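What follows is a short report on a single structure.
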Amino acid sequence: MLHIALCGISHQDEELLNMLQAYAPYPRETAPATTHFNSAEQLLAGLKRGCFDLILIQLSLPDMDGIELAHSIHQQGYRIPVVFLADGPERAMEAYRAGALQYLVRPLEQPLLYHALEIASRLGGEQEGPGLRVNTPVGLRLVQPGEVRYVECVGHVLEIHTTGQELIRSRNIRVPFARALAPLLQDHRFLQPHKSFVVNMEEITGLSPEGLSLRAEKLVIPVPHSRFAQVKAAYTTYLEAKPVAAGSARQPQRYRVCSK
C-alpha cells in the first residue's frame with residue numbers, strides 16, 4: 001500500500017481524493033493511505049516522524065512557496081518523489097527544474113496522476129535511503145539502523161528496542177523474520193544470533209555460553225549451541241574491524257568474548 005503525504009491540500013478536495021481512493025492497480029490492493037499537512041512546516045516535521053512513498057504539494061502554500069519546499073525536501077536528503085498540483089501551467093518548467101516527478105494542472109487528468117502513483121509504487125522504500133519500514137498500529141514508521149538496539153519477534157509482532165528507550169511494536173508481519181529485517185541484516189553492525197532476535201553489535205558487552213549481554217539490559221539474548229561458533233566469529237570480526245582514532249593506540253577490549 002502506498003503512503004502519500006498531502007501538503008496544502010484540503011480534506012474537501014473531492015476531485016483528488018476520489019481519484020486516490022479509486023487507485024488499485026492490483027487485485028485486492030487497498031487504496032493509498034494519505035496524511036494531510038496544512039503547511040510546509042508541518043510537512044517537514046512530519047517527514048522526520050514517518051515515511052512516505054510520494055508527496056503531493058499544492059503549489060500555493062500559506063507559509064512557503066511549493067517549489068521552495070521541494071528544494072528544501074531534497075536539500076535535507078529525502079529522495080521522495082514530489083508531484084505538484086497547480087491551477088495553471090505557468091510554473092511547470094520551474095517545478096521540473098526543482099526535481100518534480102509530475103506537474104498536474106486542475107482539473108486533474110487521472111492517467112497522469114496514476115502514472116505518478118505507479119512510479120512511486122515501483123520505487124517502494126528506495127527513496128528514503130537505508131532504514132527499516134515498520135507498519136505500526138498508528139501508522140508507518142521509518143526507523144534508522146543507528147536507532148536500533150535489538151529487535152525481538154514475539155509471535156508475529158516485531159518489538160524494536162531503540163537507543164532512545166522507545167519500544168516500537170509492529171502490526172503482525174506476514175513474511176519470515178529475517179526477511180522483515182533485511183534492511184538491518186544488510187548493515188554490517190547487525191547480527192542474528194537467534195531465530196527470534198536481531199542485535200546491533202554496538203550494544204553488545206559480552207558473549208558467553210549463556211548468550212549475548214547488552215549494554216544497560218538485564219536481558220541475555222540466547223545463542224543456540226549450533227550457532228555459537230558462527231556468532232562468536234562474526235562478533236570478533238566486527239570488533240577487530242572497528243576503527244581506531246588517528247594517533248591513538250588500540251585500547252584493550254572492554255568486551256567479553258568467552259569460548260564455548
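Chains: A, B, ... in order of the C-alpha cells. Residues: from 1 per chain. Ligands: from 1, in order shown.
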**7 Å contact set for Gly131 of chain A, only C-alpha atoms, chain neighbours under 5 positions out, as a PyMOL selection string** = chain A and resi 142-145+183
**Request:** Name the closest residue to Gln165 of chain A among the candidates A:Ala33, A:Leu191, A:Val148, A:Glu109; distances are taken between atoms, counting only C-alpha atoms.
**Result:**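 Ranking A:Ala33, A:Leu191, A:Val148, A:Glu109 by distance to Gln165 of chain A, first place goes to A:Val148.
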**Request:** Taking the DSSP assignment computed from this structure's backbone, write out as an NGL selection string all residues of segment 181-211 of chain A that belong to helix (DSSP H, G or I).
**Result:** :A and (182-185 or 201-203)
**Request:** Fewer than 2 positions away in the same chain doesn't count, so skip those; otherwise give me all residues within 12 Å of segment 6-19 of chain A, counting only C-alpha atoms, as number ranges by chain.
**Result:** A: 3-4, 21-24, 31-47, 52-66, 69-70, 82-86, 104-114, 117
**Request:** Kindly indicate which residue among A:Phe228, A:Tyr235, A:Phe177, A:Tyr96 lies nearest to Thr205 of chain A, using only C-alpha atoms for the distances.
**Result:**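 Of A:Phe228, A:Tyr235, A:Phe177, A:Tyr96, the one nearest Thr205 of chain A, counting only C-alpha atoms, is A:Tyr235.
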**Test item: residues at most 8 Å from Ser170 of chain A, only C-alpha atoms, excluding those fewer than 3 positions along its chain, as a list in words** = Val134, Asn135, Thr136, Pro137, Val157, Leu158, Glu159 and Ile173 of chain A
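For Pro193 of chain A, the residues within 7 Å (counting only C-alpha atoms, excluding itself and residues fewer than 3 positions away along the chain) are Phe197, Val198, Val223 and Val231 of chain A.
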Output file for the selection above: C-alpha atoms, as a PDB file, in the first residue's frame:
```pdb
ATOM      1  CA  PHE A 197      16.448 -11.800  17.707  1.00  0.00           C
ATOM      2  CA  VAL A 198      18.483  -9.337  15.668  1.00  0.00           C
ATOM      3  CA  VAL A 223      22.627 -18.148  21.301  1.00  0.00           C
ATOM      4  CA  VAL A 231      28.089 -15.766  16.184  1.00  0.00           C
TER       5      VAL A 231
END
```
**Prompt:** What is the atom CA of His225 of chain A to atom CA of Leu167 of chain A distance in Å?
**Reply:**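 Spanning atom CA of His225 of chain A to atom CA of Leu167 of chain A is a straight-line distance of 28.9 Å.
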**Asked** Which is closer to Leu219 of chain A than all the others in A:Ile168, A:Ala95, A:Ile204, A:Ala233, using only C-alpha atoms?
**Response** A:Ile204
